[in-house]
$ cat work.txt   # compact mmCIF, N, CA and C atoms
# COMPACT_ATOMS: atom_id res chain seq x y z
N MET O 216 -34.87 2.01 22.62
CA MET O 216 -33.55 1.47 22.87
C MET O 216 -32.83 2.35 23.87
N ASP O 217 -32.11 1.75 24.79
CA ASP O 217 -31.37 2.45 25.83
C ASP O 217 -30.09 3.03 25.23
N LYS O 218 -30.04 4.38 25.14
CA LYS O 218 -28.88 5.05 24.53
C LYS O 218 -27.61 4.85 25.33
N SER O 219 -27.69 4.59 26.62
CA SER O 219 -26.49 4.40 27.44
C SER O 219 -25.74 3.14 27.05
N LYS O 220 -26.44 2.15 26.48
CA LYS O 220 -25.78 0.92 26.02
C LYS O 220 -25.19 1.10 24.63
N LEU O 221 -25.73 2.03 23.86
CA LEU O 221 -25.29 2.26 22.50
C LEU O 221 -23.94 2.99 22.46
N ILE O 222 -23.70 3.91 23.36
CA ILE O 222 -22.47 4.71 23.36
C ILE O 222 -21.23 3.83 23.53
N PRO O 223 -21.15 2.92 24.51
CA PRO O 223 -19.96 2.09 24.62
C PRO O 223 -19.72 1.23 23.38
N LYS O 224 -20.79 0.72 22.77
CA LYS O 224 -20.63 -0.09 21.56
C LYS O 224 -20.08 0.77 20.42
N THR O 225 -20.57 1.99 20.30
CA THR O 225 -20.10 2.90 19.26
C THR O 225 -18.63 3.22 19.47
N LEU O 226 -18.25 3.49 20.71
CA LEU O 226 -16.84 3.77 21.00
C LEU O 226 -15.96 2.58 20.69
N LEU O 227 -16.44 1.41 20.97
CA LEU O 227 -15.68 0.19 20.68
C LEU O 227 -15.46 0.03 19.18
N VAL O 228 -16.50 0.26 18.38
CA VAL O 228 -16.38 0.15 16.93
C VAL O 228 -15.43 1.22 16.39
N VAL O 229 -15.61 2.46 16.81
CA VAL O 229 -14.75 3.55 16.35
C VAL O 229 -13.30 3.30 16.76
N GLY O 230 -13.08 2.84 17.97
CA GLY O 230 -11.73 2.54 18.43
C GLY O 230 -11.10 1.41 17.63
N GLY O 231 -11.89 0.40 17.31
CA GLY O 231 -11.39 -0.71 16.51
C GLY O 231 -11.01 -0.27 15.11
N LEU O 232 -11.84 0.59 14.51
CA LEU O 232 -11.53 1.11 13.18
C LEU O 232 -10.27 1.97 13.21
N ALA O 233 -10.13 2.79 14.22
CA ALA O 233 -8.94 3.63 14.33
C ALA O 233 -7.68 2.78 14.47
N ALA O 234 -7.76 1.73 15.25
CA ALA O 234 -6.62 0.83 15.42
C ALA O 234 -6.28 0.13 14.11
N ALA O 235 -7.29 -0.28 13.37
CA ALA O 235 -7.05 -0.96 12.09
C ALA O 235 -6.40 -0.02 11.09
N VAL O 236 -6.87 1.22 11.02
CA VAL O 236 -6.28 2.18 10.10
C VAL O 236 -4.84 2.47 10.50
N GLY O 237 -4.60 2.64 11.77
CA GLY O 237 -3.24 2.91 12.24
C GLY O 237 -2.29 1.77 11.96
N SER O 238 -2.74 0.55 12.16
CA SER O 238 -1.87 -0.59 11.94
C SER O 238 -1.66 -0.87 10.46
N ALA O 239 -2.54 -0.37 9.61
CA ALA O 239 -2.38 -0.56 8.17
C ALA O 239 -1.39 0.42 7.57
N GLY O 240 -0.91 1.37 8.36
CA GLY O 240 0.08 2.30 7.86
C GLY O 240 -0.53 3.44 7.06
N CYS O 241 -1.76 3.79 7.33
CA CYS O 241 -2.42 4.82 6.55
C CYS O 241 -2.03 6.22 6.97
N GLY O 242 -1.34 6.36 8.06
CA GLY O 242 -0.94 7.68 8.51
C GLY O 242 0.33 8.13 7.83
N ASN O 243 0.72 9.36 8.04
CA ASN O 243 1.96 9.89 7.49
C ASN O 243 3.12 9.34 8.28
N ASP O 244 3.90 8.49 7.66
CA ASP O 244 5.04 7.88 8.33
C ASP O 244 6.31 8.51 7.78
N SER O 245 6.78 9.56 8.44
CA SER O 245 7.92 10.32 7.94
C SER O 245 9.22 9.52 8.02
N LYS O 246 9.21 8.35 8.64
CA LYS O 246 10.41 7.54 8.76
C LYS O 246 10.63 6.64 7.55
N ALA O 247 9.68 6.59 6.64
CA ALA O 247 9.81 5.72 5.48
C ALA O 247 10.98 6.16 4.60
N ASP O 248 11.75 5.19 4.13
CA ASP O 248 12.89 5.42 3.26
C ASP O 248 12.49 5.00 1.85
N LEU O 249 12.15 5.99 1.02
CA LEU O 249 11.66 5.70 -0.33
C LEU O 249 12.74 5.08 -1.21
N THR O 250 14.00 5.46 -1.00
CA THR O 250 15.09 4.87 -1.78
C THR O 250 15.22 3.39 -1.47
N ASN O 251 15.18 3.04 -0.19
CA ASN O 251 15.20 1.63 0.21
C ASN O 251 13.97 0.90 -0.32
N GLY O 252 12.82 1.55 -0.24
CA GLY O 252 11.58 0.95 -0.74
C GLY O 252 11.65 0.65 -2.22
N LYS O 253 12.22 1.58 -2.99
CA LYS O 253 12.33 1.37 -4.44
C LYS O 253 13.28 0.20 -4.74
N GLN O 254 14.40 0.15 -4.04
CA GLN O 254 15.36 -0.94 -4.25
C GLN O 254 14.75 -2.29 -3.87
N LEU O 255 14.08 -2.34 -2.73
CA LEU O 255 13.43 -3.58 -2.30
C LEU O 255 12.33 -3.98 -3.27
N PHE O 256 11.57 -3.00 -3.75
CA PHE O 256 10.53 -3.31 -4.73
C PHE O 256 11.15 -3.96 -5.96
N ALA O 257 12.22 -3.36 -6.47
CA ALA O 257 12.88 -3.90 -7.65
C ALA O 257 13.39 -5.32 -7.39
N ASP O 258 13.96 -5.55 -6.22
CA ASP O 258 14.54 -6.86 -5.89
C ASP O 258 13.49 -7.92 -5.57
N LYS O 259 12.45 -7.55 -4.85
CA LYS O 259 11.51 -8.54 -4.32
C LYS O 259 10.16 -8.58 -5.03
N CYS O 260 9.78 -7.49 -5.68
CA CYS O 260 8.41 -7.38 -6.20
C CYS O 260 8.33 -7.22 -7.71
N GLY O 261 9.38 -6.65 -8.30
CA GLY O 261 9.35 -6.28 -9.71
C GLY O 261 9.27 -7.44 -10.68
N ALA O 262 9.63 -8.64 -10.26
CA ALA O 262 9.52 -9.79 -11.16
C ALA O 262 8.06 -10.17 -11.39
N CYS O 263 7.19 -9.80 -10.46
CA CYS O 263 5.76 -10.15 -10.58
C CYS O 263 4.89 -8.94 -10.93
N HIS O 264 5.21 -7.78 -10.37
CA HIS O 264 4.36 -6.59 -10.54
C HIS O 264 4.96 -5.62 -11.54
N LYS O 265 4.09 -4.95 -12.27
CA LYS O 265 4.50 -3.89 -13.17
C LYS O 265 4.36 -2.57 -12.40
N LEU O 266 5.39 -1.73 -12.48
CA LEU O 266 5.37 -0.40 -11.86
C LEU O 266 6.35 0.46 -12.65
N ALA O 267 5.85 1.45 -13.35
CA ALA O 267 6.66 2.25 -14.27
C ALA O 267 7.86 2.91 -13.59
N ASP O 268 7.67 3.52 -12.43
CA ASP O 268 8.76 4.24 -11.79
C ASP O 268 9.94 3.33 -11.47
N ALA O 269 9.68 2.07 -11.20
CA ALA O 269 10.75 1.10 -10.88
C ALA O 269 11.21 0.34 -12.11
N ASN O 270 10.67 0.69 -13.27
CA ASN O 270 10.97 -0.03 -14.51
C ASN O 270 10.69 -1.53 -14.35
N ALA O 271 9.71 -1.86 -13.54
CA ALA O 271 9.34 -3.26 -13.28
C ALA O 271 8.31 -3.68 -14.32
N GLN O 272 8.54 -4.83 -14.93
CA GLN O 272 7.68 -5.31 -16.00
C GLN O 272 7.07 -6.67 -15.70
N GLY O 273 6.83 -6.96 -14.42
CA GLY O 273 6.26 -8.25 -14.03
C GLY O 273 4.94 -8.52 -14.72
N VAL O 274 4.63 -9.80 -14.86
CA VAL O 274 3.41 -10.19 -15.57
C VAL O 274 2.49 -11.09 -14.74
N VAL O 275 2.90 -11.49 -13.55
CA VAL O 275 2.10 -12.40 -12.73
C VAL O 275 1.13 -11.64 -11.83
N GLY O 276 1.65 -10.66 -11.11
CA GLY O 276 0.83 -9.89 -10.18
C GLY O 276 0.19 -8.69 -10.87
N PRO O 277 -0.64 -7.97 -10.14
CA PRO O 277 -1.31 -6.80 -10.72
C PRO O 277 -0.32 -5.71 -11.14
N ASP O 278 -0.66 -5.01 -12.20
CA ASP O 278 0.04 -3.80 -12.63
C ASP O 278 -0.36 -2.73 -11.62
N LEU O 279 0.58 -2.28 -10.81
CA LEU O 279 0.23 -1.38 -9.71
C LEU O 279 -0.12 0.02 -10.19
N ASP O 280 0.42 0.44 -11.32
CA ASP O 280 0.00 1.73 -11.86
C ASP O 280 -1.47 1.68 -12.27
N ASN O 281 -1.84 0.64 -12.99
CA ASN O 281 -3.25 0.50 -13.39
C ASN O 281 -4.15 0.31 -12.19
N ALA O 282 -3.67 -0.42 -11.19
CA ALA O 282 -4.49 -0.71 -10.02
C ALA O 282 -4.86 0.55 -9.24
N PHE O 283 -3.98 1.55 -9.24
CA PHE O 283 -4.23 2.75 -8.42
C PHE O 283 -4.49 4.01 -9.23
N ARG O 284 -4.41 3.95 -10.55
CA ARG O 284 -4.57 5.16 -11.38
C ARG O 284 -5.92 5.84 -11.15
N GLN O 285 -7.02 5.10 -11.23
CA GLN O 285 -8.33 5.72 -11.07
C GLN O 285 -8.55 6.20 -9.64
N SER O 286 -8.11 5.42 -8.68
CA SER O 286 -8.27 5.83 -7.28
C SER O 286 -7.52 7.13 -7.01
N ARG O 287 -6.32 7.23 -7.55
CA ARG O 287 -5.54 8.47 -7.37
C ARG O 287 -6.26 9.63 -8.07
N ALA O 288 -6.77 9.40 -9.28
CA ALA O 288 -7.50 10.45 -10.00
C ALA O 288 -8.75 10.88 -9.22
N ASP O 289 -9.34 9.94 -8.48
CA ASP O 289 -10.52 10.23 -7.68
C ASP O 289 -10.19 10.88 -6.34
N GLY O 290 -8.90 11.09 -6.06
CA GLY O 290 -8.50 11.79 -4.85
C GLY O 290 -7.83 10.95 -3.78
N MET O 291 -7.64 9.66 -4.02
CA MET O 291 -6.94 8.83 -3.02
C MET O 291 -5.50 9.33 -2.91
N ASN O 292 -5.05 9.55 -1.68
CA ASN O 292 -3.70 10.07 -1.51
C ASN O 292 -2.67 8.95 -1.33
N SER O 293 -1.41 9.33 -1.36
CA SER O 293 -0.32 8.37 -1.27
C SER O 293 -0.33 7.60 0.04
N ALA O 294 -0.70 8.26 1.13
CA ALA O 294 -0.73 7.58 2.43
C ALA O 294 -1.77 6.47 2.45
N THR O 295 -2.90 6.69 1.80
CA THR O 295 -3.93 5.66 1.74
C THR O 295 -3.47 4.49 0.87
N ILE O 296 -2.86 4.80 -0.26
CA ILE O 296 -2.32 3.75 -1.11
C ILE O 296 -1.26 2.96 -0.35
N GLN O 297 -0.43 3.67 0.39
CA GLN O 297 0.58 3.01 1.23
C GLN O 297 -0.08 2.02 2.18
N GLY O 298 -1.16 2.41 2.80
CA GLY O 298 -1.87 1.53 3.72
C GLY O 298 -2.43 0.29 3.04
N VAL O 299 -2.97 0.48 1.85
CA VAL O 299 -3.50 -0.66 1.09
C VAL O 299 -2.38 -1.63 0.75
N VAL O 300 -1.27 -1.09 0.25
CA VAL O 300 -0.13 -1.94 -0.14
C VAL O 300 0.44 -2.66 1.07
N LEU O 301 0.59 -1.95 2.18
CA LEU O 301 1.12 -2.59 3.38
C LEU O 301 0.21 -3.71 3.84
N GLY O 302 -1.09 -3.51 3.76
CA GLY O 302 -2.04 -4.56 4.12
C GLY O 302 -1.89 -5.78 3.22
N GLN O 303 -1.67 -5.57 1.93
CA GLN O 303 -1.48 -6.69 1.01
C GLN O 303 -0.17 -7.42 1.26
N ILE O 304 0.87 -6.67 1.63
CA ILE O 304 2.16 -7.31 1.95
C ILE O 304 2.00 -8.21 3.16
N LYS O 305 1.30 -7.70 4.17
CA LYS O 305 1.14 -8.46 5.41
C LYS O 305 0.19 -9.63 5.28
N ASP O 306 -0.83 -9.49 4.45
CA ASP O 306 -1.83 -10.55 4.30
C ASP O 306 -2.33 -10.58 2.86
N PRO O 307 -1.57 -11.19 1.96
CA PRO O 307 -1.95 -11.20 0.54
C PRO O 307 -3.33 -11.82 0.33
N SER O 308 -4.00 -11.34 -0.69
CA SER O 308 -5.33 -11.81 -1.02
C SER O 308 -5.34 -13.32 -1.22
N LYS O 309 -6.35 -13.95 -0.70
CA LYS O 309 -6.51 -15.40 -0.83
C LYS O 309 -7.50 -15.74 -1.94
N THR O 310 -7.88 -14.76 -2.76
CA THR O 310 -8.91 -15.01 -3.75
C THR O 310 -8.37 -15.59 -5.05
N PHE O 311 -7.07 -15.54 -5.23
CA PHE O 311 -6.48 -16.04 -6.47
C PHE O 311 -6.01 -17.47 -6.33
N ASP O 312 -5.74 -18.08 -7.46
CA ASP O 312 -5.16 -19.41 -7.50
C ASP O 312 -3.93 -19.42 -6.60
N LYS O 313 -3.80 -20.44 -5.76
CA LYS O 313 -2.72 -20.51 -4.78
C LYS O 313 -1.34 -20.37 -5.42
N SER O 314 -1.17 -20.88 -6.62
CA SER O 314 0.13 -20.80 -7.28
C SER O 314 0.49 -19.37 -7.69
N LEU O 315 -0.50 -18.48 -7.70
CA LEU O 315 -0.27 -17.09 -8.11
C LEU O 315 -0.21 -16.13 -6.93
N ARG O 316 -0.44 -16.62 -5.72
CA ARG O 316 -0.47 -15.73 -4.55
C ARG O 316 0.90 -15.16 -4.24
N MET O 317 0.87 -13.91 -3.83
CA MET O 317 2.09 -13.28 -3.35
C MET O 317 2.46 -13.91 -2.01
N PRO O 318 3.73 -14.21 -1.82
CA PRO O 318 4.12 -14.78 -0.52
C PRO O 318 3.85 -13.78 0.61
N ALA O 319 3.32 -14.26 1.71
CA ALA O 319 3.09 -13.39 2.87
C ALA O 319 4.42 -12.88 3.39
N ASP O 320 4.45 -11.64 3.79
CA ASP O 320 5.65 -11.02 4.37
C ASP O 320 6.89 -11.20 3.50
N ILE O 321 6.73 -10.98 2.20
CA ILE O 321 7.88 -11.05 1.30
C ILE O 321 8.93 -10.03 1.74
N VAL O 322 8.46 -8.96 2.35
CA VAL O 322 9.30 -8.03 3.11
C VAL O 322 8.55 -7.78 4.41
N SER O 323 9.25 -7.42 5.45
CA SER O 323 8.58 -7.21 6.73
C SER O 323 9.19 -6.04 7.48
N GLY O 324 8.54 -5.67 8.57
CA GLY O 324 9.03 -4.60 9.42
C GLY O 324 9.19 -3.29 8.67
N SER O 325 10.31 -2.60 8.93
CA SER O 325 10.54 -1.31 8.28
C SER O 325 10.71 -1.45 6.77
N ASP O 326 11.18 -2.61 6.31
CA ASP O 326 11.29 -2.82 4.86
C ASP O 326 9.91 -2.83 4.22
N ALA O 327 8.94 -3.48 4.85
CA ALA O 327 7.57 -3.48 4.33
C ALA O 327 7.02 -2.06 4.30
N ARG O 328 7.27 -1.31 5.35
CA ARG O 328 6.82 0.09 5.41
C ARG O 328 7.46 0.89 4.28
N ASP O 329 8.75 0.67 4.02
CA ASP O 329 9.45 1.41 2.97
C ASP O 329 8.91 1.08 1.58
N VAL O 330 8.68 -0.21 1.32
CA VAL O 330 8.13 -0.62 0.03
C VAL O 330 6.74 -0.02 -0.15
N ALA O 331 5.91 -0.12 0.87
CA ALA O 331 4.54 0.41 0.78
C ALA O 331 4.56 1.92 0.57
N ALA O 332 5.43 2.62 1.26
CA ALA O 332 5.52 4.08 1.11
C ALA O 332 6.00 4.44 -0.29
N TYR O 333 6.97 3.69 -0.79
CA TYR O 333 7.46 3.94 -2.16
C TYR O 333 6.34 3.72 -3.18
N VAL O 334 5.69 2.58 -3.11
CA VAL O 334 4.60 2.29 -4.06
C VAL O 334 3.51 3.36 -3.92
N GLY O 335 3.18 3.72 -2.69
CA GLY O 335 2.18 4.76 -2.47
C GLY O 335 2.56 6.09 -3.07
N SER O 336 3.85 6.37 -3.14
CA SER O 336 4.30 7.66 -3.67
C SER O 336 4.33 7.72 -5.19
N VAL O 337 4.32 6.55 -5.86
CA VAL O 337 4.45 6.57 -7.32
C VAL O 337 3.35 5.86 -8.09
N ALA O 338 2.70 4.87 -7.51
CA ALA O 338 1.73 4.05 -8.26
C ALA O 338 0.57 4.87 -8.77
N GLY O 339 0.26 4.70 -10.04
CA GLY O 339 -0.89 5.36 -10.64
C GLY O 339 -0.68 6.79 -11.04
N LYS O 340 0.52 7.30 -10.87
CA LYS O 340 0.79 8.68 -11.27
C LYS O 340 1.06 8.73 -12.76
N THR O 341 0.69 9.83 -13.38
CA THR O 341 0.93 10.01 -14.81
C THR O 341 2.38 10.43 -15.03
N ALA O 342 2.83 10.39 -16.25
CA ALA O 342 4.21 10.71 -16.58
C ALA O 342 4.61 12.10 -16.12
N GLY O 343 3.67 13.04 -16.04
CA GLY O 343 3.97 14.39 -15.62
C GLY O 343 4.15 14.55 -14.12
N ASP O 344 3.69 13.58 -13.33
CA ASP O 344 3.86 13.64 -11.89
C ASP O 344 5.30 13.33 -11.53
N GLN O 345 5.81 13.97 -10.50
CA GLN O 345 7.19 13.77 -10.12
C GLN O 345 7.40 12.52 -9.27
N GLY O 346 6.48 12.23 -8.35
CA GLY O 346 6.59 11.03 -7.52
C GLY O 346 7.90 10.93 -6.79
N ALA O 347 8.38 9.71 -6.58
CA ALA O 347 9.61 9.46 -5.83
C ALA O 347 10.83 9.94 -6.59
N LYS O 348 10.75 10.10 -7.91
CA LYS O 348 11.90 10.56 -8.69
C LYS O 348 12.34 11.95 -8.24
N ALA O 349 11.40 12.73 -7.76
CA ALA O 349 11.71 14.09 -7.32
C ALA O 349 11.89 14.15 -5.80
N GLY O 350 11.90 13.00 -5.14
CA GLY O 350 12.07 12.97 -3.69
C GLY O 350 10.81 13.33 -2.94
N ALA O 351 9.65 13.15 -3.56
CA ALA O 351 8.38 13.45 -2.89
C ALA O 351 8.21 12.57 -1.68
N ASP O 352 7.64 13.11 -0.62
CA ASP O 352 7.40 12.27 0.56
C ASP O 352 6.14 11.45 0.36
N ALA O 353 6.00 10.41 1.16
CA ALA O 353 4.91 9.44 0.99
C ALA O 353 3.56 9.96 1.45
N SER O 354 3.49 11.18 1.96
CA SER O 354 2.21 11.67 2.48
C SER O 354 1.42 12.44 1.44
N LYS O 355 1.97 12.71 0.27
CA LYS O 355 1.27 13.49 -0.76
C LYS O 355 0.53 12.64 -1.73
$ encode --input "work.txt" --output "structure tokens"
Amino acid sequence: MDKSKLIPKTLLVVGGLAAAVGSAGCGNDSKADLTNGKQLFADKCGACHKLADANAQGVVGPDLDNAFRQSRADGMNSATIQGVVLGQIKDPSKTFDKSLRMPADIVSGSDARDVAAYVGSVAGKTAGDQGAKAGADASK
């Protein structure tokens, strides 16, 4: 196989992956407003999702603490969780019954970033973790 043809293809794949990770919000976004994210979560998401830090007791959508507890224990950081949540906000899973799907872009723009950063900072943490209650940033 001609290695000169392989290098451009490899760069294209790596570049595409880097762009996807960047657009998913997986990087440290110091502009995220966790207070705004928590308020928006309570207003827009808490009726469906359970999240202890927000005192949200929703029963339709996934329990976000349970959804991320093992991943966090396995070393997944808040920024990665933020990226996953932001991806779900932008393009909710189509695998569930249509009547149960989260509306696409229930929040958008900087509000979506704030909600994702807030959820990333608290979801799956144990009671002893400080999370957003202590003003932790979304990168930890």
$ residues_near_point --input "work.txt" --point "(9.9, -4.1, -11.2)" --cutoff "7 Å" --atoms "all atoms listed in the file" --output "list in words"
Phe256, Ala257, Asp258, Cys260, Gly261, Ala262, Cys263, His264, Lys265, Leu266, Ala269, Asn270, Ala271, Gln272 and Gly273 of chain O
$ residues_near_point --input "work.txt" --point "(8.4, -10.6, -0.3)" --cutoff "8 Å" --atoms "all atoms listed in the file" --output "MDAnalysis selection string"
chainID O and resid 258:260 304 317:323
$ atom_distance --input "work.txt" --atom1 "atom CA of Thr341 of chain O" --atom2 "atom CA of Ser286 of chain O"
12.6 Å
$ residues_around --input "work.txt" --residues "Asp248 of chain O" --least-positions-apart "2" --cutoff "7 Å" --atoms "all atoms listed in the file" --output "PyMOL selection string"
chain O and resi 245-246+250-253+328-330+332-333
$ select_by_dssp --input "work.txt" --residues "segment 248-346 of chain O" --states "helix (DSSP H, G or I)" --output "JSON, numbers by chain"
{"O": [249, 250, 251, 252, 253, 254, 255, 256, 257, 258, 259, 260, 267, 268, 269, 279, 280, 281, 282, 283, 284, 285, 286, 287, 288, 293, 294, 295, 296, 297, 298, 299, 300, 301, 302, 303, 304, 305, 313, 314, 315, 324, 325, 326, 327, 328, 329, 330, 331, 332, 333, 334, 335, 336, 337, 346]}
$ atom_distance --input "work.txt" --atom1 "atom C of Gly276 of chain O" --atom2 "atom CA of Ser293 of chain O"
19.6 Å
$ atom_distance --input "work.txt" --atom1 "atom CA of Ile296 of chain O" --atom2 "atom CA of Ser314 of chain O"
25.4 Å
$ residues_around --input "work.txt" --residues "Leu279 of chain O" --least-positions-apart "3" --cutoff "5 Å" --atoms "only N, CA and C atoms" --output "list in words"
Lys265, Ala282, Phe283, Ala338 and Gly339 of chain O
$ closest_residue --input "work.txt" --among "O:Leu255, O:Val337, O:Val275, O:Leu249" --to "Leu315 of chain O" --atoms "only C-alpha atoms"
O:Val275
